[in-house]
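Participant: Structure incoming, see below.
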Amino acid sequence: MCGISGIIGNNISEKLYNMLISMKHRGPDGSGTFIDNKLVYGNLDTLKIHEGSFGLGHNLLSIVGCEGSQPLINENLVLVCNGEIYNYRELKCQFKDDFKSDSDCEVILSLIKRFYTGSLYDAVIKTINYLDGDYAFAVSDGKNFAAVRDPLGVKPLYFGEDVIQNVFAFASERKALWKIGIHNVQALSPDSMIYNNKILKFNDKINKITNLNANYINSTYTELKNILKQNLVESVKKRIQGLSKVGILFSGGIDSTIIAKIAADFGINVILYSVGHENSPDLKFAKKTAKAMNLPLKIKKVDIEDVHNYLMPVLNAIEEFNIMKIGVGMPGFIAAEMAHQDDLKVMLSGQGADELFGGYHRYLKFYEEKGELAREDLKEDIINLYHVNLQRDDAVTMANSIELRVPYLDLDIINTAMNIPMKYKINGKDDNLRKCILREIGAELGVPEEIVKRPKKAAQYGSGIHKMLKKVLKEEKYNDLPNMFKFT
């Protein structure tokens, strides 16, 4: 939903401003800064900010509620947040604090204030135990500051230090830190907190969620399937709450089709976006599926000239030279560009379904060799999603001022899925479809049979872009591309 930044050092005003400018695409609806107790809101192009030694900055992409620019203030506390808190209404009803808006982020600051008894660290830890959402936020009490990510790392947060300039900073994108001369940039892991320039391990929530749960031990296949189906419906519901329309990153596969079907059944205006070579499998299946479900489909047929044109924008978005990331990220970038042109703010994707339900071909080998213990390989992939997939998808969509939401990565779905036996996901060593239980749920929800039985095709191959990209990158003029992002 936004871009956040923070910095500690001497004469930080210009640096903070440059960080915000570099991430303007993440929040074109307004900006704000807080530097040494002085708060300023306004248009980023004309924003006049104060000088000081500690600052927080925010670029706003307004989606939920009557949101105004951040930072948010509550007495001695100040907060900036990039994220969505899906249970904010329930929390406001539960705690009945004096809220000044219907912004979802305000509830974070209110809870920290409620739990604050002198220790900012303790107040933040207590607060995040109540939050259901995808977020990265930073908060200060005037003496200390803390910055955290959601348990899975759906929202990005990077940090770094320049000892020569005596500057420590963090931001939603690496380019914001590069902009001010910090080259050694690291991603904050989801189980950590930046607390006064130090990285502290504080939570093992995702590990607990992916562990086996005694409540599921005696559940039958039908019971597990029904629980999972309800989880899916509720997850999509909370992610479209308050929206009148939503886009779907649509490949015509089972994962995105289930999401599209559930969203459409809630009566929301659903628009499908598909990208690929004119003869690609994704476009072929997307057209058939959209027609069968009577949903509007926007497509972009990509040729080799388009790959040339989009290469640098995608590379600048994902901030590293990685052919696989570029190949997967390009369809997402183009789809988000189309959605932005249609005045959308939010898209949904099927990210995470393959890791949860054994969709990748390599899981066949794991299952054949390890049996039910192959769940540990799936668990490892889920825990490490933030390293590649989540960072890439956030980057290419937010480059077009589109927030991407990932219903399969709801914590309830993860917990249920990781307690579903592997035999219900993969039906033996010759199962070329896999994701058995998810496909059956799709059929029950009304997904067309051809899609239920469509084999998995990786995004870069299903779109046909990977083959064109490899050809383009052989051209001499692109020889120096790997060196452009040597700081990653």
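Residues in the structure tokens are named by chain (A, B, ... in the order shown) and by number from 1 within that chain; ligands are numbered from 1 in the order shown.
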Enumerate, in order of chain and increasing residue number, the residues of region 178-197 of chain A with an atom no farther than 8 Å from region 476-487 of chain A, each with its shortest atom pair and distance in Å to one decimal, counting only C-alpha atoms, as CSV.
Facilitator:
```
residue,atom,partner,partner_atom,distance
A:His183,CA,A:Phe487,CA,5.5
A:Asn184,CA,A:Phe487,CA,6.5
A:Val185,CA,A:Phe487,CA,7.4
```
Participant: Applying 6 Å and only C-alpha atoms, which residues near region 144-153 of chain A remain after dropping the ones on its own chain fewer than 3 positions away? List them as a VMD selection string.
Facilitator: chain A and resid 134 to 141 190 193 to 196 206 386
Participant: For the structure I just gave you, how does DSSP split region 231-430 of chain A - specifically, which residues are strand (DSSP E or B)? Reply as a PyMOL selection string.
Facilitator: chain A and resi 245-249+269-276+297-301+346-348+403-405
Participant: Write the selection just made, keeping N, CA and C atoms, as an mmCIF file, in the first residue's frame?
Facilitator:
```
data_model
loop_
_atom_site.group_PDB
_atom_site.id
_atom_site.type_symbol
_atom_site.label_atom_id
_atom_site.label_comp_id
_atom_site.auth_asym_id
_atom_site.auth_seq_id
_atom_site.Cartn_x
_atom_site.Cartn_y
_atom_site.Cartn_z
ATOM 1 N N LYS A 245 -13.689 -3.124 -6.911
ATOM 2 C CA LYS A 245 -13.150 -3.909 -8.013
ATOM 3 C C LYS A 245 -11.739 -4.364 -7.674
ATOM 4 N N VAL A 246 -11.348 -5.455 -8.290
ATOM 5 C CA VAL A 246 -10.031 -6.022 -8.022
ATOM 6 C C VAL A 246 -9.524 -6.706 -9.279
ATOM 7 N N GLY A 247 -8.210 -6.664 -9.478
ATOM 8 C CA GLY A 247 -7.597 -7.363 -10.596
ATOM 9 C C GLY A 247 -7.018 -8.693 -10.146
ATOM 10 N N ILE A 248 -6.893 -9.615 -11.079
ATOM 11 C CA ILE A 248 -6.294 -10.917 -10.799
ATOM 12 C C ILE A 248 -5.123 -11.126 -11.742
ATOM 13 N N LEU A 249 -3.936 -11.419 -11.201
ATOM 14 C CA LEU A 249 -2.823 -11.875 -12.030
ATOM 15 C C LEU A 249 -3.198 -13.268 -12.515
ATOM 16 N N ASN A 269 -16.456 -6.601 -8.632
ATOM 17 C CA ASN A 269 -16.067 -6.481 -10.029
ATOM 18 C C ASN A 269 -14.658 -7.038 -10.197
ATOM 19 N N VAL A 270 -14.550 -8.195 -10.848
ATOM 20 C CA VAL A 270 -13.273 -8.885 -11.025
ATOM 21 C C VAL A 270 -12.808 -8.740 -12.464
ATOM 22 N N ILE A 271 -11.560 -8.312 -12.637
ATOM 23 C CA ILE A 271 -10.966 -8.184 -13.968
ATOM 24 C C ILE A 271 -9.713 -9.052 -14.011
ATOM 25 N N LEU A 272 -9.634 -9.925 -15.011
ATOM 26 C CA LEU A 272 -8.499 -10.818 -15.162
ATOM 27 C C LEU A 272 -7.461 -10.179 -16.082
ATOM 28 N N TYR A 273 -6.187 -10.347 -15.742
ATOM 29 C CA TYR A 273 -5.093 -9.796 -16.549
ATOM 30 C C TYR A 273 -4.105 -10.907 -16.874
ATOM 31 N N SER A 274 -3.904 -11.135 -18.174
ATOM 32 C CA SER A 274 -2.993 -12.185 -18.618
ATOM 33 C C SER A 274 -1.996 -11.626 -19.614
ATOM 34 N N VAL A 275 -0.775 -12.150 -19.550
ATOM 35 C CA VAL A 275 0.324 -11.653 -20.376
ATOM 36 C C VAL A 275 1.083 -12.837 -20.956
ATOM 37 N N GLY A 276 1.419 -12.752 -22.234
ATOM 38 C CA GLY A 276 2.216 -13.816 -22.817
ATOM 39 C C GLY A 276 2.381 -13.661 -24.310
ATOM 40 N N LEU A 297 -11.585 -10.206 -19.366
ATOM 41 C CA LEU A 297 -10.166 -10.543 -19.458
ATOM 42 C C LEU A 297 -9.440 -9.491 -20.280
ATOM 43 N N LYS A 298 -8.374 -8.936 -19.717
ATOM 44 C CA LYS A 298 -7.495 -8.034 -20.449
ATOM 45 C C LYS A 298 -6.194 -8.799 -20.722
ATOM 46 N N ILE A 299 -5.780 -8.812 -21.985
ATOM 47 C CA ILE A 299 -4.571 -9.542 -22.325
ATOM 48 C C ILE A 299 -3.562 -8.619 -23.007
ATOM 49 N N LYS A 300 -2.313 -8.964 -22.861
ATOM 50 C CA LYS A 300 -1.225 -8.289 -23.545
ATOM 51 C C LYS A 300 -0.395 -9.346 -24.249
ATOM 52 N N LYS A 301 -0.416 -9.313 -25.588
ATOM 53 C CA LYS A 301 0.398 -10.227 -26.358
ATOM 54 C C LYS A 301 1.795 -9.629 -26.491
ATOM 55 N N VAL A 346 -5.598 -2.597 -6.349
ATOM 56 C CA VAL A 346 -5.295 -3.894 -5.730
ATOM 57 C C VAL A 346 -5.441 -5.019 -6.747
ATOM 58 N N MET A 347 -4.479 -5.947 -6.698
ATOM 59 C CA MET A 347 -4.579 -7.186 -7.470
ATOM 60 C C MET A 347 -4.364 -8.364 -6.524
ATOM 61 N N LEU A 348 -4.886 -9.524 -6.917
ATOM 62 C CA LEU A 348 -4.687 -10.766 -6.176
ATOM 63 C C LEU A 348 -3.886 -11.735 -7.036
ATOM 64 N N GLU A 403 -1.031 -2.580 -5.345
ATOM 65 C CA GLU A 403 -0.737 -3.469 -4.218
ATOM 66 C C GLU A 403 -1.174 -4.881 -4.560
ATOM 67 N N LEU A 404 -0.272 -5.826 -4.349
ATOM 68 C CA LEU A 404 -0.564 -7.235 -4.607
ATOM 69 C C LEU A 404 -0.886 -7.940 -3.300
ATOM 70 N N ARG A 405 -2.010 -8.650 -3.279
ATOM 71 C CA ARG A 405 -2.399 -9.421 -2.104
ATOM 72 C C ARG A 405 -2.400 -10.902 -2.445
#
```
Participant: Give the answer as one residue: which of A:Met468, A:Ala395, A:Ile383, A:Glu355 has the shortest atom-to-atom distance to Asp306 (chain A), using only C-alpha atoms?
Facilitator: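 Closest candidate: A:Met468.
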Participant: Got a sec: who's within 12 Å of Ala171 (chain A), counting only C-alpha atoms, leaving out chain neighbours fewer than 3 positions off, as JSON, numbers by chain?
Facilitator: {"A": [2, 3, 4, 5, 6, 7, 15, 16, 18, 19, 20, 21, 22, 23, 26, 55, 56, 57, 58, 59, 80, 81, 82, 136, 137, 138, 147, 148, 149, 155, 156, 157, 158, 159, 160, 161, 168, 174, 175, 176, 177, 178, 179, 180, 182, 185, 186, 187, 188, 194]}
Participant: Go ahead and save the residues from that selection, with N, CA and C atoms, as a short mmCIF file (atom, residue, chain, number, x, y, z; two decimals), in the first residue's frame.
Facilitator:
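Printed below is again-v4.cif as written:
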```cif
data_model
loop_
_atom_site.label_atom_id
_atom_site.label_comp_id
_atom_site.auth_asym_id
_atom_site.auth_seq_id
_atom_site.Cartn_x
_atom_site.Cartn_y
_atom_site.Cartn_z
N CYS A 2 2.12 1.17 0.39
CA CYS A 2 2.88 2.40 0.59
C CYS A 2 4.37 2.12 0.50
N GLY A 3 5.13 3.19 0.69
CA GLY A 3 6.57 3.08 0.86
C GLY A 3 6.96 3.78 2.14
N ILE A 4 7.80 3.13 2.94
CA ILE A 4 8.24 3.74 4.19
C ILE A 4 9.77 3.83 4.20
N SER A 5 10.27 4.77 4.99
CA SER A 5 11.71 4.93 5.13
C SER A 5 12.02 5.53 6.49
N GLY A 6 13.23 5.29 6.95
CA GLY A 6 13.69 5.86 8.20
C GLY A 6 15.19 6.03 8.16
N ILE A 7 15.70 7.03 8.90
CA ILE A 7 17.13 7.31 8.84
C ILE A 7 17.60 7.96 10.13
N LYS A 15 18.67 13.48 2.60
CA LYS A 15 18.73 12.04 2.39
C LYS A 15 17.34 11.42 2.49
N LEU A 16 16.58 11.80 3.50
CA LEU A 16 15.23 11.25 3.66
C LEU A 16 14.36 11.62 2.47
N ASN A 18 15.36 12.26 -0.59
CA ASN A 18 15.79 11.48 -1.76
C ASN A 18 15.30 10.04 -1.68
N MET A 19 15.25 9.48 -0.48
CA MET A 19 14.70 8.13 -0.32
C MET A 19 13.24 8.09 -0.74
N LEU A 20 12.48 9.08 -0.31
CA LEU A 20 11.06 9.12 -0.66
C LEU A 20 10.86 9.33 -2.17
N ILE A 21 11.65 10.19 -2.77
CA ILE A 21 11.56 10.43 -4.21
C ILE A 21 11.80 9.14 -4.98
N SER A 22 12.78 8.35 -4.54
CA SER A 22 13.12 7.11 -5.25
C SER A 22 12.01 6.08 -5.18
N MET A 23 11.08 6.24 -4.23
CA MET A 23 9.98 5.29 -4.06
C MET A 23 8.61 5.94 -4.27
N ARG A 26 5.51 3.95 -5.14
CA ARG A 26 4.83 3.13 -4.13
C ARG A 26 3.68 3.89 -3.46
N GLY A 55 14.65 10.61 11.39
CA GLY A 55 13.49 10.90 10.57
C GLY A 55 12.78 9.66 10.07
N LEU A 56 11.46 9.78 9.89
CA LEU A 56 10.63 8.75 9.28
C LEU A 56 9.92 9.38 8.09
N GLY A 57 9.78 8.62 7.02
CA GLY A 57 9.09 9.12 5.84
C GLY A 57 8.08 8.12 5.31
N HIS A 58 7.09 8.63 4.57
CA HIS A 58 6.01 7.78 4.10
C HIS A 58 5.44 8.31 2.79
N ASN A 59 5.24 7.43 1.82
CA ASN A 59 4.51 7.72 0.59
C ASN A 59 3.23 6.88 0.61
N VAL A 80 5.05 4.85 10.94
CA VAL A 80 4.83 4.74 9.49
C VAL A 80 4.63 3.27 9.17
N CYS A 81 3.70 2.98 8.25
CA CYS A 81 3.36 1.58 7.96
C CYS A 81 3.11 1.39 6.48
N ASN A 82 3.63 0.30 5.96
CA ASN A 82 3.31 -0.19 4.62
C ASN A 82 2.60 -1.50 4.82
N ALA A 136 4.82 -3.97 7.03
CA ALA A 136 6.14 -3.59 7.53
C ALA A 136 5.93 -2.20 8.13
N PHE A 137 6.29 -2.03 9.39
CA PHE A 137 6.09 -0.73 10.02
C PHE A 137 7.26 -0.36 10.91
N ALA A 138 7.37 0.94 11.16
CA ALA A 138 8.39 1.46 12.07
C ALA A 138 7.73 2.43 13.03
N ALA A 147 11.44 -1.43 14.00
CA ALA A 147 10.89 -1.69 12.68
C ALA A 147 10.74 -3.20 12.51
N VAL A 148 9.58 -3.64 12.04
CA VAL A 148 9.29 -5.08 11.93
C VAL A 148 8.58 -5.38 10.62
N ARG A 149 8.56 -6.69 10.26
CA ARG A 149 7.81 -7.19 9.11
C ARG A 149 6.77 -8.19 9.59
N LYS A 155 5.43 -8.11 2.98
CA LYS A 155 5.85 -6.74 2.71
C LYS A 155 7.36 -6.61 2.96
N PRO A 156 8.06 -5.93 2.05
CA PRO A 156 9.52 -5.86 2.13
C PRO A 156 10.02 -4.81 3.12
N LEU A 157 11.22 -5.03 3.63
CA LEU A 157 11.91 -4.02 4.43
C LEU A 157 13.40 -4.30 4.37
N TYR A 158 14.16 -3.28 3.98
CA TYR A 158 15.61 -3.39 3.83
C TYR A 158 16.30 -2.39 4.75
N PHE A 159 17.53 -2.68 5.09
CA PHE A 159 18.28 -1.78 5.97
C PHE A 159 19.76 -1.81 5.60
N GLY A 160 20.46 -0.78 6.04
CA GLY A 160 21.89 -0.72 5.79
C GLY A 160 22.52 0.43 6.53
N GLU A 161 23.85 0.45 6.54
CA GLU A 161 24.59 1.45 7.29
C GLU A 161 25.79 1.93 6.48
N PHE A 168 22.51 5.31 9.43
CA PHE A 168 21.79 4.03 9.41
C PHE A 168 20.41 4.32 8.85
N ARG A 174 15.38 -1.35 -1.92
CA ARG A 174 16.82 -1.19 -1.84
C ARG A 174 17.30 0.08 -2.51
N LYS A 175 16.63 0.46 -3.61
CA LYS A 175 17.08 1.64 -4.35
C LYS A 175 17.05 2.90 -3.50
N ALA A 176 16.16 2.94 -2.49
CA ALA A 176 16.11 4.11 -1.61
C ALA A 176 17.39 4.23 -0.80
N LEU A 177 17.97 3.10 -0.41
CA LEU A 177 19.21 3.10 0.35
C LEU A 177 20.40 3.35 -0.56
N TRP A 178 20.38 2.77 -1.74
CA TRP A 178 21.45 3.05 -2.71
C TRP A 178 21.50 4.54 -3.04
N LYS A 179 20.33 5.15 -3.09
CA LYS A 179 20.22 6.57 -3.46
C LYS A 179 21.02 7.47 -2.52
N ILE A 180 21.15 7.06 -1.26
CA ILE A 180 21.86 7.89 -0.28
C ILE A 180 23.25 7.33 0.04
N ILE A 182 24.23 4.09 0.59
CA ILE A 182 24.36 2.85 1.35
C ILE A 182 24.32 1.68 0.38
N VAL A 185 23.29 -3.47 1.50
CA VAL A 185 21.88 -3.50 1.89
C VAL A 185 21.44 -4.93 2.17
N GLN A 186 20.72 -5.10 3.27
CA GLN A 186 20.22 -6.41 3.65
C GLN A 186 18.71 -6.38 3.81
N ALA A 187 18.08 -7.52 3.57
CA ALA A 187 16.65 -7.65 3.82
C ALA A 187 16.45 -8.06 5.28
N LEU A 188 15.52 -7.39 5.94
CA LEU A 188 15.17 -7.79 7.30
C LEU A 188 14.35 -9.06 7.23
N ILE A 194 14.37 -4.52 13.74
CA ILE A 194 15.41 -3.51 13.88
C ILE A 194 15.05 -2.70 15.12
#
```
Participant: Which residue out of A:Phe266, A:Leu77, A:Asp36, A:Asp342 has the minimum interatomic distance to Glu234 (chain A) when only C-alpha atoms are used?
Facilitator: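 Of all the options, A:Phe266 lies closest to Glu234 (chain A).
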Participant: Just list the residues in region 336-398 of chain A DSSP gives alpha helix (DSSP H) on the backbone, as a PyMOL selection string.
Facilitator: chain A and resi 336-341+353-357+362-370+375-383+389-398
Participant: Restrict the selected residues to C-alpha atoms and save them as a compact mmCIF listing (two decimals), in the first residue's frame.
Facilitator:
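Wrote it out as selection-v7.txt, contents follow:
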```txt
# COMPACT_ATOMS: atom_id res chain seq x y z
CA ALA A 336 0.06 -4.43 -13.10
CA GLU A 337 0.67 -1.72 -15.68
CA MET A 338 -2.62 -2.63 -17.37
CA ALA A 339 -4.43 -2.67 -14.04
CA HIS A 340 -3.06 0.76 -13.16
CA GLN A 341 -4.34 2.09 -16.48
CA ALA A 353 -0.19 -22.40 -3.66
CA ASP A 354 2.53 -24.50 -5.30
CA GLU A 355 4.65 -24.53 -2.13
CA LEU A 356 1.68 -25.36 0.09
CA PHE A 357 0.15 -28.10 -2.03
CA ARG A 362 10.55 -31.44 -7.75
CA TYR A 363 8.10 -32.33 -4.99
CA LEU A 364 7.40 -35.64 -6.74
CA LYS A 365 10.96 -36.73 -6.08
CA PHE A 366 10.83 -35.50 -2.49
CA TYR A 367 7.61 -37.43 -1.88
CA GLU A 368 8.93 -40.60 -3.51
CA GLU A 369 12.10 -40.49 -1.39
CA LYS A 370 10.69 -39.25 1.93
CA ARG A 375 6.25 -31.85 4.09
CA GLU A 376 9.48 -30.47 5.59
CA ASP A 377 10.64 -29.47 2.09
CA LEU A 378 7.37 -27.64 1.52
CA LYS A 379 7.69 -25.98 4.91
CA GLU A 380 11.20 -24.78 4.12
CA ASP A 381 10.02 -23.29 0.84
CA ILE A 382 7.15 -21.45 2.54
CA ILE A 383 9.41 -19.99 5.22
CA ASN A 389 8.99 -14.69 -4.87
CA LEU A 390 7.41 -12.20 -2.49
CA GLN A 391 10.09 -9.56 -3.01
CA ARG A 392 9.84 -9.89 -6.79
CA ASP A 393 6.05 -9.77 -6.95
CA ASP A 394 5.79 -6.79 -4.61
CA ALA A 395 8.44 -4.94 -6.60
CA VAL A 396 6.93 -5.36 -10.07
CA THR A 397 3.38 -4.52 -9.00
CA MET A 398 4.26 -1.59 -6.73
```
Participant: Using only C-alpha atoms, find the one residue out of A:Glu444, A:Asp282, A:Glu449, A:Asp265 that sits nearest to Leu295 (chain A).
Facilitator: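 Distance minimum relative to Leu295 (chain A) lands on A:Asp265.
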Participant: Which is closest to Tyr310 (chain A) among A:Ala459, A:Val124, A:Ile334, A:Leu79, if we use only C-alpha atoms?
Facilitator: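 Among the listed residues, A:Ile334 lies closest to Tyr310 (chain A).
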